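protein_34.txt follows (compact mmCIF, C-alpha atoms and all ligand atoms):
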```txt
# COMPACT_ATOMS: atom_id res chain seq x y z
CA MET J 68 3.53 -21.40 -19.26
CA THR J 69 5.08 -18.45 -17.49
CA ILE J 70 5.09 -18.23 -13.70
CA PRO J 71 3.32 -14.93 -12.98
CA ILE J 72 4.43 -12.32 -10.48
CA ILE J 73 1.13 -12.60 -8.58
CA LYS J 74 -2.30 -14.25 -8.86
CA PRO J 75 -5.26 -12.85 -6.93
CA VAL J 76 -6.96 -15.31 -4.57
CA ILE J 77 -10.56 -15.38 -5.80
CA GLY J 78 -12.93 -18.28 -5.14
CA ASP J 79 -16.51 -19.27 -5.95
CA GLN J 80 -17.70 -17.56 -2.77
CA GLU J 81 -16.60 -14.18 -4.12
CA ILE J 82 -18.39 -14.84 -7.40
CA GLU J 83 -21.61 -15.76 -5.58
CA ALA J 84 -21.36 -12.70 -3.35
CA VAL J 85 -21.13 -10.46 -6.42
CA SER J 86 -24.29 -11.93 -7.96
CA GLU J 87 -26.14 -11.48 -4.67
CA VAL J 88 -25.29 -7.78 -4.64
CA LEU J 89 -26.29 -7.38 -8.27
CA GLN J 90 -29.66 -8.94 -7.51
CA SER J 91 -30.19 -6.93 -4.31
CA GLY J 92 -31.08 -3.60 -5.92
CA TRP J 93 -28.38 -1.61 -4.05
CA VAL J 94 -25.03 -1.66 -5.81
CA THR J 95 -22.91 1.23 -4.54
CA GLN J 96 -21.82 2.53 -1.11
CA GLY J 97 -24.62 0.76 0.70
CA PRO J 98 -24.91 -2.01 3.29
CA LYS J 99 -22.01 -4.08 1.97
CA VAL J 100 -19.62 -1.13 2.10
CA ALA J 101 -20.71 -0.42 5.70
CA ALA J 102 -20.21 -4.07 6.65
CA PHE J 103 -16.79 -4.18 4.96
CA GLU J 104 -15.70 -1.04 6.82
CA GLU J 105 -16.80 -2.48 10.14
CA ALA J 106 -15.07 -5.82 9.52
CA PHE J 107 -11.92 -4.08 8.31
CA ALA J 108 -11.74 -1.86 11.42
CA ALA J 109 -12.19 -4.91 13.66
CA THR J 110 -9.55 -6.93 11.79
CA ILE J 111 -6.95 -4.16 11.91
CA GLY J 112 -7.89 -2.95 15.38
CA THR J 113 -8.76 0.65 14.57
CA HIS J 114 -11.72 2.86 15.52
CA HIS J 115 -12.70 4.04 12.04
CA ALA J 116 -12.38 2.63 8.53
CA CYS J 117 -13.70 4.48 5.48
CA ALA J 118 -13.85 2.76 2.08
CA VAL J 119 -12.97 4.59 -1.14
CA THR J 120 -12.22 3.85 -4.80
CA ASN J 121 -8.51 3.05 -4.37
CA CYS J 122 -5.46 3.88 -2.28
CA THR J 123 -4.50 6.85 -4.46
CA THR J 124 -7.79 8.57 -3.61
CA ALA J 125 -7.40 7.45 0.02
CA LEU J 126 -4.06 9.29 0.14
CA HIS J 127 -5.65 12.33 -1.51
CA LEU J 128 -8.42 12.49 1.15
CA ALA J 129 -5.90 11.87 3.96
CA LEU J 130 -3.82 14.84 2.80
CA LEU J 131 -6.89 17.07 2.44
CA ALA J 132 -8.07 16.09 5.94
CA CYS J 133 -4.64 17.19 7.22
CA GLY J 134 -5.15 20.54 5.47
CA ILE J 135 -2.47 20.13 2.79
CA GLY J 136 -2.79 22.88 0.19
CA ALA J 137 -0.84 24.89 -2.38
CA GLY J 138 2.88 25.11 -1.68
CA ASP J 139 2.81 22.89 1.42
CA GLU J 140 5.67 20.43 1.62
CA VAL J 141 5.10 16.77 2.42
CA ILE J 142 8.06 14.54 3.21
CA THR J 143 7.96 11.11 1.61
CA VAL J 144 10.15 8.71 -0.35
CA SER J 145 10.84 8.82 -4.08
CA HIS J 146 11.30 5.04 -3.98
CA THR J 147 7.56 4.27 -4.11
CA PHE J 148 4.75 3.75 -6.57
CA VAL J 149 4.08 7.13 -8.22
CA ALA J 150 0.64 7.32 -6.51
CA THR J 151 2.19 8.47 -3.22
CA ALA J 152 3.84 11.53 -4.75
CA ASN J 153 0.97 12.20 -7.17
CA ALA J 154 -1.53 12.45 -4.30
CA ILE J 155 0.59 15.24 -2.78
CA ARG J 156 0.53 17.08 -6.10
CA TYR J 157 -3.27 16.71 -6.41
CA CYS J 158 -3.46 19.00 -3.35
CA GLY J 159 -1.00 21.51 -4.84
CA GLY J 160 1.59 20.24 -2.39
CA VAL J 161 5.30 19.72 -3.00
CA PRO J 162 6.77 16.26 -2.40
CA VAL J 163 10.08 16.33 -0.53
CA PHE J 164 11.92 13.12 -1.26
CA VAL J 165 14.20 11.47 1.27
CA ASP J 166 16.26 8.33 0.86
CA ILE J 167 15.57 4.79 2.00
CA GLU J 168 17.47 2.41 4.26
CA PRO J 169 19.29 -0.07 2.01
CA ASP J 170 18.28 -3.15 4.01
CA THR J 171 14.50 -2.63 4.39
CA PHE J 172 13.84 -0.42 1.31
CA ASN J 173 11.91 1.87 3.69
CA MET J 174 12.11 5.57 4.59
CA ASP J 175 15.25 6.40 6.55
CA PRO J 176 14.07 8.23 9.71
CA ASN J 177 17.44 10.01 10.03
CA GLN J 178 16.87 11.72 6.68
CA VAL J 179 13.35 12.82 7.64
CA ALA J 180 14.39 14.93 10.60
CA ALA J 181 17.02 16.69 8.47
CA ALA J 182 14.54 17.43 5.65
CA ILE J 183 11.93 19.19 7.80
CA GLY J 184 11.67 22.86 6.93
CA PRO J 185 9.31 25.79 7.57
CA LYS J 186 6.91 24.65 4.82
CA THR J 187 6.71 21.00 5.97
CA LYS J 188 3.09 20.11 6.73
CA ALA J 189 3.02 16.28 6.85
CA ILE J 190 5.06 13.08 6.53
CA ILE J 191 4.09 10.02 4.47
CA PRO J 192 6.11 6.91 5.26
CA VAL J 193 5.47 3.99 2.88
CA HIS J 194 5.40 0.44 4.23
CA GLN J 195 7.11 -0.66 1.04
CA MET J 196 6.25 -4.11 -0.31
CA GLY J 197 4.53 -4.83 3.01
CA MET J 198 7.58 -4.29 5.24
CA PRO J 199 6.71 -2.08 8.22
CA CYS J 200 8.62 1.22 8.47
CA ASP J 201 10.46 2.14 11.65
CA MET J 202 7.32 3.70 13.13
CA ALA J 203 8.75 4.14 16.63
CA ALA J 204 11.36 6.54 15.22
CA LEU J 205 8.95 8.22 12.77
CA VAL J 206 6.21 8.81 15.34
CA ALA J 207 8.78 10.44 17.64
CA ILE J 208 9.93 12.80 14.86
CA ALA J 209 6.36 13.67 13.89
CA LYS J 210 5.47 14.41 17.54
CA THR J 211 8.54 16.58 18.08
CA HIS J 212 7.66 18.69 15.04
CA ASN J 213 3.89 18.48 15.53
CA LEU J 214 3.36 17.06 12.04
CA PRO J 215 0.62 14.66 10.93
CA LEU J 216 1.85 11.21 9.90
CA ILE J 217 -0.02 9.50 7.05
CA GLU J 218 0.99 5.87 6.51
CA ASP J 219 0.95 4.64 2.92
CA ALA J 220 -0.01 1.07 3.81
CA ALA J 221 -1.14 0.25 0.26
CA CYS J 222 0.89 -2.98 0.31
CA ALA J 223 0.75 -3.71 4.03
CA ILE J 224 -2.58 -5.32 4.90
CA GLY J 225 -1.88 -7.95 7.54
CA SER J 226 1.72 -6.86 8.20
CA GLU J 227 2.57 -6.58 11.87
CA ILE J 228 4.79 -4.41 14.00
CA LYS J 229 5.94 -4.79 17.60
CA ILE J 230 5.36 -1.66 19.63
CA GLU J 231 6.22 -1.59 23.35
CA GLY J 232 6.52 -5.38 23.37
CA GLN J 233 3.13 -6.00 21.72
CA TRP J 234 2.52 -7.17 18.15
CA GLN J 235 -0.20 -5.34 16.27
CA ARG J 236 -1.41 -5.15 12.69
CA LEU J 237 -0.44 -2.02 10.78
CA GLY J 238 -3.23 0.50 10.42
CA GLN J 239 -4.46 1.28 13.94
CA PRO J 240 -2.78 3.63 12.88
CA LEU J 241 0.50 4.46 14.64
CA GLY J 242 0.46 7.77 12.83
CA ASP J 243 -2.78 9.70 12.26
CA ILE J 244 -4.18 7.97 9.18
CA ALA J 245 -3.31 4.80 7.26
CA CYS J 246 -4.27 4.17 3.62
CA PHE J 247 -4.72 0.69 2.13
CA SER J 248 -5.10 -0.66 -1.42
CA PHE J 249 -7.16 -3.55 -2.78
CA HIS J 250 -5.62 -3.54 -6.25
CA PRO J 251 -5.04 -7.11 -7.56
CA ARG J 252 -1.28 -6.61 -7.21
CA LYS J 253 -1.74 -6.29 -3.43
CA VAL J 254 -2.51 -8.98 -0.84
CA LEU J 255 -6.32 -8.71 -0.78
CA THR J 256 -8.30 -7.47 -3.75
CA THR J 257 -11.68 -6.00 -4.58
CA GLY J 258 -10.71 -5.38 -8.22
CA ASP J 259 -9.73 -1.86 -7.27
CA GLY J 260 -10.44 -0.31 -3.91
CA GLY J 261 -9.02 1.53 -0.94
CA MET J 262 -9.52 2.10 2.78
CA LEU J 263 -8.63 4.89 5.19
CA THR J 264 -8.19 3.99 8.84
CA SER J 265 -7.98 6.43 11.71
CA ASN J 266 -8.69 6.74 15.41
CA ASN J 267 -9.74 10.36 14.89
CA LYS J 268 -13.49 10.88 14.53
CA LYS J 269 -13.07 14.26 12.82
CA PHE J 270 -10.77 12.85 10.16
CA ASP J 271 -13.18 9.99 9.52
CA ALA J 272 -16.11 12.41 9.15
CA THR J 273 -14.07 14.44 6.63
CA PHE J 274 -13.29 11.32 4.54
CA ARG J 275 -16.98 10.38 4.51
CA LEU J 276 -18.01 13.87 3.45
CA LEU J 277 -15.39 14.29 0.72
CA ARG J 278 -15.82 10.84 -0.83
CA GLN J 279 -19.32 11.81 -1.97
CA HIS J 280 -19.01 15.42 -3.13
CA ALA J 281 -19.42 16.78 0.42
CA MET J 282 -23.11 15.93 0.22
CA SER J 283 -24.82 16.83 3.50
CA VAL J 284 -27.22 13.87 3.47
CA PRO J 285 -25.89 10.57 2.10
CA ASP J 286 -28.05 8.62 -0.40
CA THR J 287 -28.57 5.85 2.15
CA ALA J 288 -30.14 8.35 4.57
CA ARG J 289 -32.34 9.91 1.88
CA HIS J 290 -33.45 6.45 0.82
CA ARG J 291 -34.57 5.63 4.36
CA ALA J 292 -36.18 9.02 5.07
CA LYS J 293 -39.94 9.22 5.60
CA GLU J 294 -39.93 12.88 4.68
CA VAL J 295 -38.53 14.63 1.64
CA VAL J 296 -34.95 15.80 2.30
CA PHE J 297 -32.91 18.23 0.20
CA GLU J 298 -29.17 17.82 0.42
CA SER J 299 -26.53 20.54 0.16
CA TYR J 300 -22.87 20.59 -0.83
CA SER J 301 -20.73 22.45 1.66
CA ARG J 302 -17.34 22.33 -0.10
CA LEU J 303 -15.48 20.86 -3.04
CA GLY J 304 -15.76 17.09 -2.85
CA PHE J 305 -15.13 14.07 -5.05
CA ASN J 306 -16.73 10.87 -6.23
CA TYR J 307 -14.52 8.34 -4.44
CA ARG J 308 -17.27 5.82 -3.60
CA MET J 309 -16.58 2.11 -3.33
CA THR J 310 -19.33 -0.07 -4.79
CA ASP J 311 -21.19 -2.76 -2.84
CA ILE J 312 -20.03 -5.18 -5.52
CA GLN J 313 -16.42 -4.56 -4.48
CA ALA J 314 -17.20 -4.53 -0.75
CA ALA J 315 -18.92 -7.93 -0.96
CA VAL J 316 -15.70 -9.34 -2.40
CA GLY J 317 -13.64 -7.50 0.21
CA LEU J 318 -15.65 -8.98 3.09
CA LEU J 319 -14.78 -12.50 1.93
CA GLN J 320 -11.16 -11.64 1.18
CA LEU J 321 -10.76 -10.25 4.69
CA GLN J 322 -11.80 -13.58 6.20
CA ARG J 323 -8.83 -15.19 4.48
CA LEU J 324 -6.28 -12.55 5.49
CA GLU J 325 -4.57 -14.64 8.15
CA GLU J 326 -4.29 -17.67 5.89
CA ILE J 327 -3.05 -15.61 2.93
CA VAL J 328 -0.38 -13.84 5.00
CA ALA J 329 0.74 -17.12 6.61
CA THR J 330 1.18 -18.71 3.18
CA ARG J 331 3.07 -15.72 1.81
CA ARG J 332 5.37 -15.74 4.84
CA ARG J 333 6.03 -19.47 4.50
CA LEU J 334 6.99 -19.00 0.85
CA ALA J 335 9.12 -15.95 1.70
CA MET J 336 11.02 -17.89 4.38
CA ARG J 337 11.56 -20.70 1.88
CA TYR J 338 13.01 -18.15 -0.56
CA GLN J 339 15.28 -16.79 2.21
CA GLN J 340 16.73 -20.26 2.82
CA LYS J 341 17.05 -21.42 -0.75
CA LEU J 342 18.44 -18.15 -2.16
CA ALA J 343 21.13 -17.85 0.51
CA PRO J 344 23.59 -20.13 -1.33
CA ILE J 345 23.37 -18.08 -4.56
CA ASN J 346 26.47 -15.96 -4.66
CA GLY J 347 25.88 -12.23 -4.33
CA VAL J 348 22.06 -12.34 -4.19
CA GLN J 349 20.82 -10.38 -1.18
CA VAL J 350 17.45 -11.32 0.28
CA PRO J 351 15.11 -8.88 2.09
CA VAL J 352 15.90 -8.03 5.70
CA GLU J 353 13.08 -8.18 8.24
CA PRO J 354 13.84 -6.26 11.46
CA SER J 355 13.14 -8.14 14.72
CA TRP J 356 10.13 -5.85 15.38
CA ALA J 357 8.53 -6.41 11.97
CA ARG J 358 6.50 -9.15 10.31
CA SER J 359 5.95 -8.40 6.65
CA ASN J 360 3.09 -9.81 4.61
CA PHE J 361 5.65 -10.02 1.76
CA GLN J 362 3.30 -8.34 -0.71
CA SER J 363 6.41 -8.30 -2.90
CA TYR J 364 9.59 -10.30 -2.53
CA CYS J 365 12.50 -8.19 -3.72
CA VAL J 366 16.11 -9.35 -4.00
CA ARG J 367 19.25 -7.40 -4.80
CA LEU J 368 21.31 -8.73 -7.66
CA PRO J 369 25.04 -9.44 -7.35
CA ASP J 370 27.27 -6.42 -8.08
CA GLY J 371 27.81 -5.84 -11.76
CA LYS J 372 24.85 -7.95 -12.96
CA ASP J 373 22.65 -6.13 -15.45
CA GLN J 374 19.08 -6.03 -14.18
CA LYS J 375 17.37 -6.14 -17.58
CA THR J 376 19.54 -9.02 -18.83
CA VAL J 377 18.81 -11.07 -15.70
CA MET J 378 15.07 -10.38 -16.06
CA GLN J 379 15.10 -11.27 -19.77
CA THR J 380 16.99 -14.52 -19.11
CA MET J 381 14.49 -15.45 -16.40
CA LEU J 382 11.55 -14.61 -18.67
CA GLU J 383 13.02 -16.95 -21.28
CA SER J 384 13.07 -19.65 -18.57
CA GLY J 385 9.34 -19.02 -18.00
CA VAL J 386 9.59 -16.77 -14.94
CA SER J 387 8.19 -13.23 -14.83
CA THR J 388 9.88 -10.70 -12.62
CA ARG J 389 9.58 -6.95 -12.11
CA ARG J 390 12.31 -4.42 -11.60
CA GLY J 391 12.75 -2.98 -8.11
CA ILE J 392 10.39 -0.24 -6.93
CA MET J 393 10.55 2.87 -9.13
CA CYS J 394 11.95 6.26 -8.17
CA CYS J 395 9.38 9.03 -8.74
CA HIS J 396 12.02 11.74 -9.18
CA LEU J 397 13.46 9.95 -12.23
CA GLU J 398 10.16 9.90 -14.14
CA PRO J 399 9.27 12.47 -16.85
CA ALA J 400 6.17 13.49 -14.86
CA TYR J 401 8.53 14.87 -12.21
CA GLU J 402 11.15 16.34 -14.50
CA HIS J 403 9.82 19.90 -14.61
CA GLU J 404 7.33 19.70 -11.79
CA PRO J 405 7.84 20.96 -8.27
CA TRP J 406 9.47 18.62 -5.82
CA ARG J 407 12.36 19.04 -3.49
CA GLN J 408 15.25 16.77 -2.70
CA GLY J 409 15.30 16.25 1.06
CA SER J 410 18.46 14.13 1.06
CA SER J 411 20.72 12.24 -1.30
CA LEU J 412 18.61 9.67 -3.18
CA ARG J 413 21.51 7.33 -3.89
CA GLU J 414 20.05 4.28 -2.13
CA SER J 415 16.67 4.79 -3.81
CA GLU J 416 18.23 4.85 -7.28
CA LYS J 417 20.42 1.86 -6.44
CA ALA J 418 17.39 -0.11 -5.26
CA GLN J 419 15.45 0.69 -8.44
CA ASN J 420 18.30 -0.33 -10.71
CA SER J 421 19.84 -3.30 -8.96
CA SER J 422 16.95 -5.25 -7.46
CA ILE J 423 14.20 -7.43 -8.91
CA ILE J 424 10.85 -8.69 -7.60
CA LEU J 425 10.27 -12.45 -7.75
CA PRO J 426 6.92 -14.25 -8.17
CA LEU J 427 5.04 -14.92 -4.92
CA TYR J 428 1.36 -15.85 -4.76
CA HIS J 429 -0.97 -17.77 -2.51
CA GLU J 430 -1.33 -20.80 -4.75
CA MET J 431 2.36 -21.03 -5.63
CA THR J 432 3.65 -24.59 -5.27
CA ASP J 433 7.09 -25.49 -3.95
CA ILE J 434 7.88 -26.84 -7.42
CA GLU J 435 7.02 -23.50 -9.03
CA GLN J 436 9.13 -21.72 -6.45
CA ASP J 437 12.05 -24.05 -7.16
CA ILE J 438 11.75 -23.16 -10.87
CA VAL J 439 12.08 -19.47 -9.95
CA ILE J 440 15.10 -20.15 -7.71
CA GLU J 441 16.82 -22.20 -10.39
CA ALA J 442 16.11 -19.58 -13.08
CA LEU J 443 17.58 -16.84 -10.89
CA GLY J 444 20.62 -18.96 -10.09
CA LYS J 445 21.30 -19.55 -13.79
CA ALA J 446 20.63 -15.93 -14.76
CA VAL J 447 23.20 -14.55 -12.30
CA ALA J 448 25.78 -17.33 -12.77
C1 LIG J 501 -0.34 0.34 -5.13
C2 LIG J 501 0.17 1.46 -4.38
C3 LIG J 501 -0.54 2.66 -4.25
C4 LIG J 501 -1.80 2.95 -5.03
O1 LIG J 501 -2.83 2.07 -4.77
P1 LIG J 501 -4.12 2.05 -5.73
O2 LIG J 501 -5.14 1.32 -4.92
O3 LIG J 501 -3.73 1.30 -6.96
O4 LIG J 501 -4.50 3.44 -6.01
C5 LIG J 501 -0.04 3.65 -3.44
N1 LIG J 501 1.13 3.49 -2.80
C6 LIG J 501 1.86 2.37 -2.90
C7 LIG J 501 3.13 2.24 -2.13
C8 LIG J 501 1.42 1.32 -3.70
O5 LIG J 501 2.17 0.23 -3.82
```

Please go through the file and, once you have read it, give me the structure as structure tokens.
Amino acid sequence: MTIPIIKPVIGDQEIEAVSEVLQSGWVTQGPKVAAFEEAFAATIGTHHACAVTNCTTALHLALLACGIGAGDEVITVSHTFVATANAIRYCGGVPVFVDIEPDTFNMDPNQVAAAIGPKTKAIIPVHQMGMPCDMAALVAIAKTHNLPLIEDAACAIGSEIKIEGQWQRLGQPLGDIACFSFHPRKVLTTGDGGMLTSNNKKFDATFRLLRQHAMSVPDTARHRAKEVVFESYSRLGFNYRMTDIQAAVGLLQLQRLEEIVATRRRLAMRYQQKLAPINGVQVPVEPSWARSNFQSYCVRLPDGKDQKTVMQTMLESGVSTRRGIMCCHLEPAYEHEPWRQGSSLRESEKAQNSSIILPLYHEMTDIEQDIVIEALGKAVA
């Protein structure tokens, strides 16, 4: 038996909810999606929440709503899942990669200001592995340069940040739009799925239009209509609809958010304590104004330890791990394609090559966690 990197939290309730939807006669973007959006907005504390197929398409719609088009530059990090940079390229935009802070693995605000140029049209900070970015600094930079700020909060459902002395969940949003993921590797799951949150009514209306081919009258409205209605298609749109099957699962997952985050944080704190005595292993740093949901728990290996060897040794002890977050600019898909280097990417490359992600899941027992700790200790000894 191998200890997995994550296990989704899915109970009988979710299974029942799925059968109910299947029996109801309405299976996509209907009443369950509307209810999930409403519950999500209330949980996060935002005005609008719009459900879509996944976080990649959420980022795509966010960029389109901000008017990103051919040749426009968008500042983001290379040290992220490739979806962030790909979404910029879907719009014909050019990702401008800046480096991360070594302690939080998040976008370094000092590099952002320096990378802004005449073609810069937006900034996408990534709350990497659930750790909130330094939004106070990033919002100030975005305001100074009048640039929209799109938060890639794919991993950050339930993470909190302290702003002006008050704790709040990420996604109100502090920028203009936040994008969430419900992939099984994240904290809540609907199989696949995504959500855009915003306090801007116009943005929200654009997401709703574009997620169903810019259709003037949604199917739900035509279904209810007492008179025949013909729809029209005002611009190029997409099929980014979430199904009611997914939303029914999401509604139940959302009810467990607090409990899931509390458990993940307890396990993360236990890792912090128990890993401290292992020579040279560096645990994640949580700034005083941040409370991560610890979607991933990433440690830096002691200097000189080979990442792959450590991971292989741990796998042989029955523990799966993953390498640190990838760097987009090092992938073949970015080799000949347009992107610009906004700063040195030394810390990003170092993080990819010298850190590993340890197992962390809701149902993890202390005994399982001790097995991971022991396996890591042996592998780096
Ligand atoms: C997972 C992830 C995404 C993509 O989310 P999907 O829902 O799988 O499309 C985007 N950005 C980051 C940082 C992620 O971790």

With 9 Å as the threshold, what does the neighbourhood of (7.2, 15.7, 13.2) contain in terms of residues, counting all atoms listed in the file? Coordinates are those of the file; answer as JSON, numbers by chain. {"J": [179, 180, 183, 187, 188, 189, 190, 205, 206, 207, 208, 209, 210, 211, 212, 213, 214, 215, 216]}

Could you work out how far CA of Val141 (chain J) lies from CA of Tyr401 (chain J), giving the answer in Å with one decimal?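 One can read the CA of Tyr401 (chain J) to CA of Val141 (chain J) distance as 15.1 Å.
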
Any idea what the distance is between CA of Arg252 (chain J) and CA of His115 (chain J)? 24.8 Å

Could you work out an axis-aligned box for ligand LIG 501 (chain J), taking every atom the file lists and adding 6 Å on each side, and report centre and edge lengths in Å to one decimal, as JSON?
```
{"center_x": -1.0, "center_y": 1.9, "center_z": -4.5, "size_x": 20.3, "size_y": 15.4, "size_z": 16.8}
```

Residues up to 9 Å from ligand LIG 501 (chain J), counting all atoms listed in the file: could you list those as number ranges by chain? J: 120-126, 146-152, 154, 193-197, 219-223, 246-253, 259-262, 392

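The residue that comes closest to Cys117 (chain J), out of J:Ala272, J:Ile312, J:Ile230, J:Met393 and on the basis of only C-alpha atoms, is J:Ala272.
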
Which residues, written as a PyMOL selection string, have at least one atom at most 10 Å from Lys417 (chain J), with all atoms listed in the file counted and residues fewer than 4 positions away on the same chain left out? chain J and resi 146+169+367+391+394+412-413+421-422

Those residues you just picked out, can you put them in a file as a PDB file, in the coordinates of the input with C-alpha atoms?
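Final file, result31.pdb:
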```pdb
ATOM      1  CA  HIS J 146      11.300   5.040  -3.980  1.00  0.00           C
ATOM      2  CA  PRO J 169      19.290  -0.070   2.010  1.00  0.00           C
ATOM      3  CA  ARG J 367      19.250  -7.400  -4.800  1.00  0.00           C
ATOM      4  CA  GLY J 391      12.750  -2.980  -8.110  1.00  0.00           C
ATOM      5  CA  CYS J 394      11.950   6.260  -8.170  1.00  0.00           C
ATOM      6  CA  LEU J 412      18.610   9.670  -3.180  1.00  0.00           C
ATOM      7  CA  ARG J 413      21.510   7.330  -3.890  1.00  0.00           C
ATOM      8  CA  SER J 421      19.840  -3.300  -8.960  1.00  0.00           C
ATOM      9  CA  SER J 422      16.950  -5.250  -7.460  1.00  0.00           C
TER      10      SER J 422
END
```

What does the structure give for the distance between CA of Glu227 (chain J) and CA of Phe164 (chain J), in Å to one decimal?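 Separating CA of Glu227 (chain J) from CA of Phe164 (chain J) is a distance of 25.5 Å.
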
Please identify all polymer residues within 8 Å of Leu321 (chain J), counting only C-alpha atoms, omitting same-chain residues fewer than 2 positions from it, and present them as a ChimeraX atom specification. /J:106-107,110,255,317-319,323-324

Neighbours of point (6.6, 17.9, -1.9) within 6 Å, using all atoms listed in the file, written as number ranges by chain: J: 140-141, 160-163, 406

Complete the atom set of region 373-392 of chain J to N, CA and C atoms and return it as a short mmCIF file (atom, residue, chain, number, x, y, z; two decimals), keeping the file's coordinate frame.
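Okay, this is what ended up in rebuild10.cif:
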```cif
data_model
loop_
_atom_site.label_atom_id
_atom_site.label_comp_id
_atom_site.auth_asym_id
_atom_site.auth_seq_id
_atom_site.Cartn_x
_atom_site.Cartn_y
_atom_site.Cartn_z
N ASP J 373 23.60 -7.06 -14.83
CA ASP J 373 22.65 -6.13 -15.45
C ASP J 373 21.22 -6.60 -15.20
N GLN J 374 20.44 -5.71 -14.60
CA GLN J 374 19.08 -6.03 -14.18
C GLN J 374 18.22 -6.54 -15.34
N LYS J 375 18.24 -5.80 -16.46
CA LYS J 375 17.37 -6.14 -17.58
C LYS J 375 17.76 -7.49 -18.19
N THR J 376 19.06 -7.75 -18.27
CA THR J 376 19.54 -9.02 -18.83
C THR J 376 19.09 -10.18 -17.95
N VAL J 377 19.24 -10.02 -16.64
CA VAL J 377 18.81 -11.07 -15.70
C VAL J 377 17.31 -11.32 -15.86
N MET J 378 16.53 -10.24 -15.94
CA MET J 378 15.07 -10.38 -16.06
C MET J 378 14.69 -11.06 -17.36
N GLN J 379 15.39 -10.69 -18.45
CA GLN J 379 15.10 -11.27 -19.77
C GLN J 379 15.44 -12.77 -19.78
N THR J 380 16.58 -13.11 -19.19
CA THR J 380 16.99 -14.52 -19.11
C THR J 380 15.95 -15.32 -18.32
N MET J 381 15.48 -14.74 -17.23
CA MET J 381 14.49 -15.45 -16.40
C MET J 381 13.17 -15.61 -17.16
N LEU J 382 12.79 -14.55 -17.89
CA LEU J 382 11.55 -14.61 -18.67
C LEU J 382 11.63 -15.74 -19.71
N GLU J 383 12.82 -15.87 -20.30
CA GLU J 383 13.02 -16.95 -21.28
C GLU J 383 12.98 -18.33 -20.62
N SER J 384 13.23 -18.39 -19.31
CA SER J 384 13.07 -19.65 -18.57
C SER J 384 11.65 -19.79 -18.01
N GLY J 385 10.73 -18.90 -18.42
CA GLY J 385 9.34 -19.02 -18.00
C GLY J 385 9.04 -18.41 -16.64
N VAL J 386 9.82 -17.41 -16.24
CA VAL J 386 9.59 -16.77 -14.94
C VAL J 386 9.46 -15.26 -15.12
N SER J 387 8.29 -14.69 -14.76
CA SER J 387 8.19 -13.23 -14.83
C SER J 387 8.77 -12.62 -13.57
N THR J 388 9.36 -11.48 -13.75
CA THR J 388 9.88 -10.70 -12.62
C THR J 388 9.50 -9.25 -12.88
N ARG J 389 9.72 -8.39 -11.91
CA ARG J 389 9.58 -6.95 -12.11
C ARG J 389 10.84 -6.29 -11.59
N ARG J 390 11.14 -5.11 -12.15
CA ARG J 390 12.31 -4.42 -11.60
C ARG J 390 11.95 -3.90 -10.22
N GLY J 391 12.97 -3.54 -9.45
CA GLY J 391 12.75 -2.98 -8.11
C GLY J 391 11.81 -1.78 -8.17
N ILE J 392 11.33 -1.37 -7.01
CA ILE J 392 10.39 -0.24 -6.93
C ILE J 392 10.99 1.00 -7.61
#
```
